[in-house]
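Source file: query_28.csv. Holds: CSV, C-alpha atoms.
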```csv
chain,number,residue,atom,x,y,z
A,470,MET,CA,-30.2,27.9,-68.9
A,471,GLU,CA,-30.2,25.3,-66.3
A,472,SER,CA,-28.8,25.9,-62.8
A,473,ASP,CA,-26.6,23.5,-61.1
A,474,ASN,CA,-28.8,23.5,-58.0
A,475,ASP,CA,-31.7,21.7,-59.7
A,476,MET,CA,-30.2,18.4,-60.5
A,477,ILE,CA,-32.8,15.6,-60.7
A,478,THR,CA,-31.6,12.1,-59.8
A,479,ASN,CA,-33.5,8.9,-59.6
A,480,ILE,CA,-33.4,7.0,-56.4
A,481,PHE,CA,-33.7,3.7,-58.2
A,482,SER,CA,-30.7,4.4,-60.4
A,483,ASP,CA,-27.0,3.7,-60.0
A,484,LEU,CA,-27.6,0.4,-58.3
A,485,PRO,CA,-24.6,-1.9,-58.2
A,486,ASP,CA,-25.2,-5.4,-59.7
A,487,ASN,CA,-24.1,-7.0,-56.5
A,488,VAL,CA,-24.3,-5.6,-53.0
A,489,PRO,CA,-21.7,-7.5,-51.0
A,490,GLU,CA,-21.9,-4.9,-48.2
A,491,GLU,CA,-25.0,-2.9,-47.3
A,492,LEU,CA,-24.8,0.5,-49.1
A,493,PHE,CA,-25.3,3.8,-47.3
A,494,GLU,CA,-25.3,7.0,-49.4
A,495,SER,CA,-26.0,10.5,-48.3
A,496,LEU,CA,-28.5,12.3,-50.6
A,497,ALA,CA,-28.7,15.5,-48.6
A,498,GLU,CA,-27.2,16.6,-45.3
A,499,SER,CA,-27.4,19.8,-43.3
A,500,GLY,CA,-26.5,20.1,-39.6
A,501,PRO,CA,-28.1,17.3,-37.7
A,502,VAL,CA,-30.4,16.3,-40.6
A,503,ARG,CA,-29.3,13.6,-43.0
A,504,ILE,CA,-31.3,12.0,-45.8
A,505,GLU,CA,-29.8,8.8,-47.0
A,506,ARG,CA,-30.4,5.9,-49.4
A,507,ILE,CA,-29.7,2.4,-48.1
A,508,VAL,CA,-29.5,-0.6,-50.4
A,509,SER,CA,-29.7,-4.1,-48.8
A,510,GLN,CA,-29.8,-7.5,-50.4
A,511,GLY,CA,-30.1,-10.2,-47.9
A,512,HIS,CA,-28.3,-8.2,-45.3
A,513,VAL,CA,-29.3,-8.3,-41.6
A,514,THR,CA,-28.0,-6.7,-38.5
A,515,ALA,CA,-25.3,-8.9,-37.0
A,516,ASP,CA,-26.4,-11.4,-34.3
A,517,GLY,CA,-26.8,-9.9,-30.9
A,518,GLU,CA,-26.4,-6.3,-32.2
A,519,TRP,CA,-28.9,-3.6,-32.1
A,520,TYR,CA,-29.2,-0.2,-33.7
A,521,ASP,CA,-29.3,2.4,-30.9
A,522,GLN,CA,-29.3,5.8,-32.5
A,523,GLU,CA,-28.8,9.3,-31.2
A,524,ARG,CA,-31.4,10.8,-33.5
A,525,ASP,CA,-34.9,9.9,-34.6
A,526,GLU,CA,-35.0,8.0,-37.9
A,527,TRP,CA,-38.0,8.1,-40.2
A,528,VAL,CA,-37.6,5.4,-42.8
A,529,VAL,CA,-39.6,4.2,-45.8
A,530,LEU,CA,-38.9,1.0,-47.8
A,531,LEU,CA,-39.2,1.8,-51.5
A,532,SER,CA,-38.5,-1.6,-53.0
A,533,GLY,CA,-37.8,-5.2,-51.9
A,534,GLY,CA,-38.8,-6.5,-48.6
A,535,ALA,CA,-37.5,-6.4,-45.0
A,536,ALA,CA,-38.4,-7.2,-41.4
A,537,LEU,CA,-37.6,-5.1,-38.4
A,538,LEU,CA,-37.5,-6.3,-34.8
A,539,PHE,CA,-37.9,-3.7,-32.0
A,540,GLU,CA,-36.4,-4.7,-28.6
A,541,GLY,CA,-39.1,-6.0,-26.4
A,542,ASP,CA,-41.4,-7.0,-29.2
A,543,GLU,CA,-42.2,-10.7,-29.6
A,544,ALA,CA,-42.2,-10.7,-33.4
A,545,PRO,CA,-40.6,-8.7,-36.1
A,546,GLN,CA,-42.6,-6.4,-38.3
A,547,ARG,CA,-42.6,-7.0,-42.0
A,548,LEU,CA,-42.1,-4.1,-44.3
A,549,GLU,CA,-43.3,-4.0,-47.9
A,550,PRO,CA,-42.7,-1.2,-50.5
A,551,GLY,CA,-44.2,2.0,-49.3
A,552,ASP,CA,-44.2,1.0,-45.6
A,553,PHE,CA,-42.7,3.6,-43.3
A,554,VAL,CA,-42.0,3.8,-39.6
A,555,LEU,CA,-40.7,6.4,-37.2
A,556,ILE,CA,-37.9,5.0,-35.0
A,557,PRO,CA,-37.4,7.3,-32.0
A,558,ALA,CA,-33.9,7.9,-30.8
A,559,HIS,CA,-32.6,5.1,-28.7
A,560,ARG,CA,-35.4,2.8,-29.6
A,561,ARG,CA,-33.3,-0.3,-30.1
A,562,HIS,CA,-34.0,-2.3,-33.3
A,563,ARG,CA,-32.5,-4.8,-35.6
A,564,VAL,CA,-33.1,-5.7,-39.3
A,565,VAL,CA,-33.8,-9.4,-39.1
A,566,TRP,CA,-34.5,-10.0,-42.8
A,567,THR,CA,-34.1,-8.4,-46.2
A,568,ASP,CA,-35.1,-10.0,-49.5
A,569,GLN,CA,-32.2,-11.9,-51.1
A,570,GLN,CA,-33.5,-11.7,-54.6
A,571,GLU,CA,-34.7,-8.2,-55.0
A,572,LYS,CA,-32.7,-5.2,-53.8
A,573,SER,CA,-34.3,-3.4,-50.9
A,574,ILE,CA,-34.0,0.4,-51.2
A,575,TRP,CA,-34.7,2.4,-48.1
A,576,LEU,CA,-35.0,6.1,-47.8
A,577,ALA,CA,-34.0,7.2,-44.3
A,578,VAL,CA,-34.3,10.7,-42.7
A,579,HIS,CA,-32.2,11.2,-39.5
A,580,PHE,CA,-33.2,14.2,-37.5
A,581,PRO,CA,-33.3,15.5,-33.9
A,582,GLY,CA,-36.5,14.2,-32.5
A,583,ARG,CA,-38.8,15.7,-29.9
A,584,ALA,CA,-37.0,13.7,-27.2
A,585,THR,CA,-33.5,14.5,-28.3
B,1401,MET,CA,-46.2,-7.0,-26.9
B,1402,GLU,CA,-46.2,-4.3,-29.5
B,1403,SER,CA,-45.2,-0.8,-28.6
B,1404,ASP,CA,-47.2,2.1,-29.9
B,1405,ASN,CA,-44.1,3.8,-31.2
B,1406,ASP,CA,-43.5,1.3,-34.0
B,1407,MET,CA,-46.5,1.8,-36.1
B,1408,ILE,CA,-46.0,0.9,-39.7
B,1409,THR,CA,-48.0,2.8,-42.3
B,1410,ASN,CA,-48.0,2.6,-46.1
B,1411,ILE,CA,-47.3,5.8,-47.9
B,1412,PHE,CA,-49.5,4.6,-50.8
B,1413,SER,CA,-52.5,3.9,-48.6
B,1414,ASP,CA,-55.4,6.1,-47.5
B,1415,LEU,CA,-55.7,7.8,-50.8
B,1416,PRO,CA,-58.9,9.6,-51.5
B,1417,ASP,CA,-60.8,8.6,-54.6
B,1418,ASN,CA,-60.8,12.2,-55.8
B,1419,VAL,CA,-58.3,14.9,-55.0
B,1420,PRO,CA,-60.2,18.2,-55.5
B,1421,GLU,CA,-57.5,20.1,-53.6
B,1422,GLU,CA,-53.9,19.1,-53.4
B,1423,LEU,CA,-53.4,17.2,-50.2
B,1424,PHE,CA,-50.6,17.9,-47.7
B,1425,GLU,CA,-50.2,15.6,-44.7
B,1426,SER,CA,-47.5,15.7,-42.1
B,1427,LEU,CA,-45.9,12.2,-41.5
B,1428,ALA,CA,-43.3,13.3,-39.0
B,1429,GLU,CA,-42.4,16.7,-37.6
B,1430,SER,CA,-39.9,18.0,-35.0
B,1431,GLY,CA,-38.7,21.5,-34.6
B,1432,PRO,CA,-37.8,22.9,-38.1
B,1433,VAL,CA,-38.0,19.5,-39.7
B,1434,ARG,CA,-41.1,18.3,-41.4
B,1435,ILE,CA,-41.7,15.2,-43.5
B,1436,GLU,CA,-44.8,15.3,-45.5
B,1437,ARG,CA,-46.8,13.5,-48.1
B,1438,ILE,CA,-48.3,15.5,-50.9
B,1439,VAL,CA,-50.9,14.1,-53.3
B,1440,SER,CA,-51.6,15.9,-56.5
B,1441,GLN,CA,-53.8,15.0,-59.5
B,1442,GLY,CA,-53.7,17.5,-62.2
B,1443,HIS,CA,-52.8,20.3,-59.8
B,1444,VAL,CA,-50.4,23.0,-60.7
B,1445,THR,CA,-49.1,26.2,-59.0
B,1446,ALA,CA,-51.5,29.1,-59.8
B,1447,ASP,CA,-50.6,31.3,-62.7
B,1448,GLY,CA,-47.9,33.8,-61.9
B,1449,GLU,CA,-47.2,32.3,-58.4
B,1450,TRP,CA,-44.0,30.8,-57.2
B,1451,TYR,CA,-43.0,28.8,-54.2
B,1452,ASP,CA,-40.4,30.7,-52.2
B,1453,GLN,CA,-39.7,28.7,-49.1
B,1454,GLU,CA,-37.8,29.6,-45.9
B,1455,ARG,CA,-36.3,26.1,-45.6
B,1456,ASP,CA,-34.6,23.7,-48.0
B,1457,GLU,CA,-36.9,21.1,-49.5
B,1458,TRP,CA,-35.7,17.6,-50.5
B,1459,VAL,CA,-38.5,16.0,-52.5
B,1460,VAL,CA,-39.0,12.7,-54.3
B,1461,LEU,CA,-41.9,11.8,-56.6
B,1462,LEU,CA,-43.1,8.3,-55.7
B,1463,SER,CA,-45.9,7.8,-58.2
B,1464,GLY,CA,-47.5,9.7,-61.1
B,1465,GLY,CA,-45.7,12.3,-63.0
B,1466,ALA,CA,-44.9,16.0,-62.6
B,1467,ALA,CA,-43.0,18.9,-64.1
B,1468,LEU,CA,-41.2,21.6,-62.1
B,1469,LEU,CA,-40.1,25.0,-63.4
B,1470,PHE,CA,-37.3,26.8,-61.6
B,1471,GLU,CA,-37.2,30.6,-62.0
B,1472,GLY,CA,-34.7,31.6,-64.6
B,1473,ASP,CA,-34.8,28.2,-66.4
B,1474,GLU,CA,-36.0,28.1,-69.9
B,1475,ALA,CA,-37.9,24.8,-69.6
B,1476,PRO,CA,-39.5,22.8,-66.9
B,1477,GLN,CA,-37.9,19.6,-65.6
B,1478,ARG,CA,-40.0,16.4,-65.9
B,1479,LEU,CA,-40.1,14.1,-62.9
B,1480,GLU,CA,-40.9,10.4,-63.0
B,1481,PRO,CA,-41.3,8.1,-60.1
B,1482,GLY,CA,-38.1,7.9,-58.1
B,1483,ASP,CA,-36.8,11.2,-59.2
B,1484,PHE,CA,-35.7,13.5,-56.5
B,1485,VAL,CA,-34.4,17.1,-56.3
B,1486,LEU,CA,-33.1,19.4,-53.6
B,1487,ILE,CA,-34.7,22.8,-53.7
B,1488,PRO,CA,-32.6,25.3,-51.7
B,1489,ALA,CA,-34.5,27.8,-49.6
B,1490,HIS,CA,-35.7,30.8,-51.6
B,1491,ARG,CA,-35.1,29.0,-54.9
B,1492,ARG,CA,-38.3,30.0,-56.6
B,1493,HIS,CA,-40.1,27.2,-58.4
B,1494,ARG,CA,-43.5,26.2,-59.7
B,1495,VAL,CA,-45.3,23.0,-60.4
B,1496,VAL,CA,-46.3,23.4,-64.0
B,1497,TRP,CA,-47.8,19.9,-64.6
B,1498,THR,CA,-49.0,16.9,-62.7
B,1499,ASP,CA,-50.6,13.8,-64.2
B,1500,GLN,CA,-54.3,14.1,-64.5
B,1501,GLN,CA,-55.0,10.3,-64.5
B,1502,GLU,CA,-52.7,8.8,-62.0
B,1503,LYS,CA,-52.2,10.4,-58.5
B,1504,SER,CA,-48.8,11.9,-58.0
B,1505,ILE,CA,-47.5,11.1,-54.5
B,1506,TRP,CA,-44.6,13.2,-53.3
B,1507,LEU,CA,-42.5,12.7,-50.2
B,1508,ALA,CA,-41.0,16.1,-49.1
B,1509,VAL,CA,-38.6,16.8,-46.3
B,1510,HIS,CA,-38.4,20.4,-45.2
B,1511,PHE,CA,-35.3,21.3,-43.2
B,1512,PRO,CA,-33.0,24.2,-42.4
B,1513,GLY,CA,-30.4,24.1,-45.1
B,1514,ARG,CA,-26.8,25.2,-45.2
B,1515,ALA,CA,-27.7,28.7,-46.3
B,1516,THR,CA,-30.6,29.3,-43.9
```
Any chance you could give the structure as structure tokens?
Amino acid sequence: MESDNDMITNIFSDLPDNVPEELFESLAESGPVRIERIVSQGHVTADGEWYDQERDEWVVLLSGGAALLFEGDEAPQRLEPGDFVLIPAHRRHRVVWTDQQEKSIWLAVHFPGRAT
Amino acid sequence: MESDNDMITNIFSDLPDNVPEELFESLAESGPVRIERIVSQGHVTADGEWYDQERDEWVVLLSGGAALLFEGDEAPQRLEPGDFVLIPAHRRHRVVWTDQQEKSIWLAVHFPGRAT
């Protein structure tokens, strides 16, 4: 007997061959908490735009490579697989680089932070 | 200028050489939400004991290997790196095997689920 609740899925599976648009998929969601997989391949935040989010975001890069720029910082921060960062709500940031060859898989957890 | 908020850490770093006790570390926490790293090496849930948790747990295995048994299931489910599962609150389960050679690194997100 196997219950339907206990489905095991692999976070590196079901990747499209090409990623024309950055891919956002909810893996679990409840109330204000959302766990999502993001797949990027060469995608960056549009020029002049910033992410400015209502909730805290804890994000880990699981494959590929990326660089994040936080508003007010002089230089972006490079992320390699395994690197994680907590982005407080309303901490403005941009993705300035993602690997063009290898797919970058991010696991993001959005949740109400201490300040929100 | 680099702000203190934007610290990047690697989830595969700061591993002890030996893991006599299973290691639980909070990576981020706010209200009822807790993101934690668990490091196992040959650890299993004690005989006859079950995890029976108040909150939902979404967990992904990032390295190593493990097997989870859900109460009522005939056989455990094997987890390989990248495998994730949502364990609803009060869904009783046990870890029946973790790799003895390679460290198993789990990323767990505890959060109030739909049913809680």
Please return, as a PDB file with C-alpha atoms, in the frame of the given file, all residues of chain A lying within 10 Å of chain B when all atoms listed in the file are considered.
```
ATOM      1  CA  MET A 470     -30.200  27.900 -68.900  1.00  0.00           C
ATOM      2  CA  GLU A 471     -30.200  25.300 -66.300  1.00  0.00           C
ATOM      3  CA  SER A 472     -28.800  25.900 -62.800  1.00  0.00           C
ATOM      4  CA  ASN A 474     -28.800  23.500 -58.000  1.00  0.00           C
ATOM      5  CA  ASP A 475     -31.700  21.700 -59.700  1.00  0.00           C
ATOM      6  CA  MET A 476     -30.200  18.400 -60.500  1.00  0.00           C
ATOM      7  CA  ILE A 477     -32.800  15.600 -60.700  1.00  0.00           C
ATOM      8  CA  THR A 478     -31.600  12.100 -59.800  1.00  0.00           C
ATOM      9  CA  ASN A 479     -33.500   8.900 -59.600  1.00  0.00           C
ATOM     10  CA  ILE A 480     -33.400   7.000 -56.400  1.00  0.00           C
ATOM     11  CA  PHE A 481     -33.700   3.700 -58.200  1.00  0.00           C
ATOM     12  CA  SER A 482     -30.700   4.400 -60.400  1.00  0.00           C
ATOM     13  CA  LEU A 496     -28.500  12.300 -50.600  1.00  0.00           C
ATOM     14  CA  ALA A 497     -28.700  15.500 -48.600  1.00  0.00           C
ATOM     15  CA  GLU A 498     -27.200  16.600 -45.300  1.00  0.00           C
ATOM     16  CA  SER A 499     -27.400  19.800 -43.300  1.00  0.00           C
ATOM     17  CA  GLY A 500     -26.500  20.100 -39.600  1.00  0.00           C
ATOM     18  CA  PRO A 501     -28.100  17.300 -37.700  1.00  0.00           C
ATOM     19  CA  VAL A 502     -30.400  16.300 -40.600  1.00  0.00           C
ATOM     20  CA  ARG A 503     -29.300  13.600 -43.000  1.00  0.00           C
ATOM     21  CA  ILE A 504     -31.300  12.000 -45.800  1.00  0.00           C
ATOM     22  CA  ASP A 525     -34.900   9.900 -34.600  1.00  0.00           C
ATOM     23  CA  GLU A 526     -35.000   8.000 -37.900  1.00  0.00           C
ATOM     24  CA  TRP A 527     -38.000   8.100 -40.200  1.00  0.00           C
ATOM     25  CA  VAL A 529     -39.600   4.200 -45.800  1.00  0.00           C
ATOM     26  CA  LEU A 530     -38.900   1.000 -47.800  1.00  0.00           C
ATOM     27  CA  LEU A 531     -39.200   1.800 -51.500  1.00  0.00           C
ATOM     28  CA  LEU A 537     -37.600  -5.100 -38.400  1.00  0.00           C
ATOM     29  CA  LEU A 538     -37.500  -6.300 -34.800  1.00  0.00           C
ATOM     30  CA  PHE A 539     -37.900  -3.700 -32.000  1.00  0.00           C
ATOM     31  CA  GLU A 540     -36.400  -4.700 -28.600  1.00  0.00           C
ATOM     32  CA  GLY A 541     -39.100  -6.000 -26.400  1.00  0.00           C
ATOM     33  CA  ASP A 542     -41.400  -7.000 -29.200  1.00  0.00           C
ATOM     34  CA  GLU A 543     -42.200 -10.700 -29.600  1.00  0.00           C
ATOM     35  CA  ALA A 544     -42.200 -10.700 -33.400  1.00  0.00           C
ATOM     36  CA  PRO A 545     -40.600  -8.700 -36.100  1.00  0.00           C
ATOM     37  CA  GLN A 546     -42.600  -6.400 -38.300  1.00  0.00           C
ATOM     38  CA  ARG A 547     -42.600  -7.000 -42.000  1.00  0.00           C
ATOM     39  CA  LEU A 548     -42.100  -4.100 -44.300  1.00  0.00           C
ATOM     40  CA  GLU A 549     -43.300  -4.000 -47.900  1.00  0.00           C
ATOM     41  CA  PRO A 550     -42.700  -1.200 -50.500  1.00  0.00           C
ATOM     42  CA  GLY A 551     -44.200   2.000 -49.300  1.00  0.00           C
ATOM     43  CA  ASP A 552     -44.200   1.000 -45.600  1.00  0.00           C
ATOM     44  CA  PHE A 553     -42.700   3.600 -43.300  1.00  0.00           C
ATOM     45  CA  VAL A 554     -42.000   3.800 -39.600  1.00  0.00           C
ATOM     46  CA  LEU A 555     -40.700   6.400 -37.200  1.00  0.00           C
ATOM     47  CA  ILE A 556     -37.900   5.000 -35.000  1.00  0.00           C
ATOM     48  CA  PRO A 557     -37.400   7.300 -32.000  1.00  0.00           C
ATOM     49  CA  ARG A 560     -35.400   2.800 -29.600  1.00  0.00           C
ATOM     50  CA  VAL A 578     -34.300  10.700 -42.700  1.00  0.00           C
ATOM     51  CA  PHE A 580     -33.200  14.200 -37.500  1.00  0.00           C
ATOM     52  CA  PRO A 581     -33.300  15.500 -33.900  1.00  0.00           C
ATOM     53  CA  GLY A 582     -36.500  14.200 -32.500  1.00  0.00           C
ATOM     54  CA  ARG A 583     -38.800  15.700 -29.900  1.00  0.00           C
ATOM     55  CA  ALA A 584     -37.000  13.700 -27.200  1.00  0.00           C
ATOM     56  CA  THR A 585     -33.500  14.500 -28.300  1.00  0.00           C
TER      57      THR A 585
END
```
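Atom to atom, atom CA of Val564 of chain A and atom CA of Ala515 of chain A stand 8.7 Å apart.
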| task | After a least-squares superposition of chain B onto chain A, with every Cα atom paired in order, give the RMSD to one decimal place. | result |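 After superposition, the RMSD is 0.1 Å.
The coordinates place atom CA of Val1444 of chain B at 18.8 Å from atom CA of Asp1417 of chain B.
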| query | Can you list, as a list in words, every protein, DNA or RNA residue that comes within 10 Å of Ser1440 of chain B when you count all atoms listed in the file, leaving out same-chain residues fewer than 4 positions away? | reply |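 Listing them by chain and then by number gives Asn1418, Val1419, Pro1420, Glu1421, Glu1422, Leu1423, Phe1424, Val1444, Gly1464, Gly1465, Ala1466, Trp1497, Thr1498, Asp1499, Gln1500, Glu1502, Lys1503, Ser1504, Ile1505 and Trp1506 of chain B.
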| field | Separation of atom CA of His1493 of chain B from atom CA of His1510 of chain B in Å | value |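 Between atom CA of His1510 of chain B and atom CA of His1493 of chain B the gap works out to 14.9 Å.
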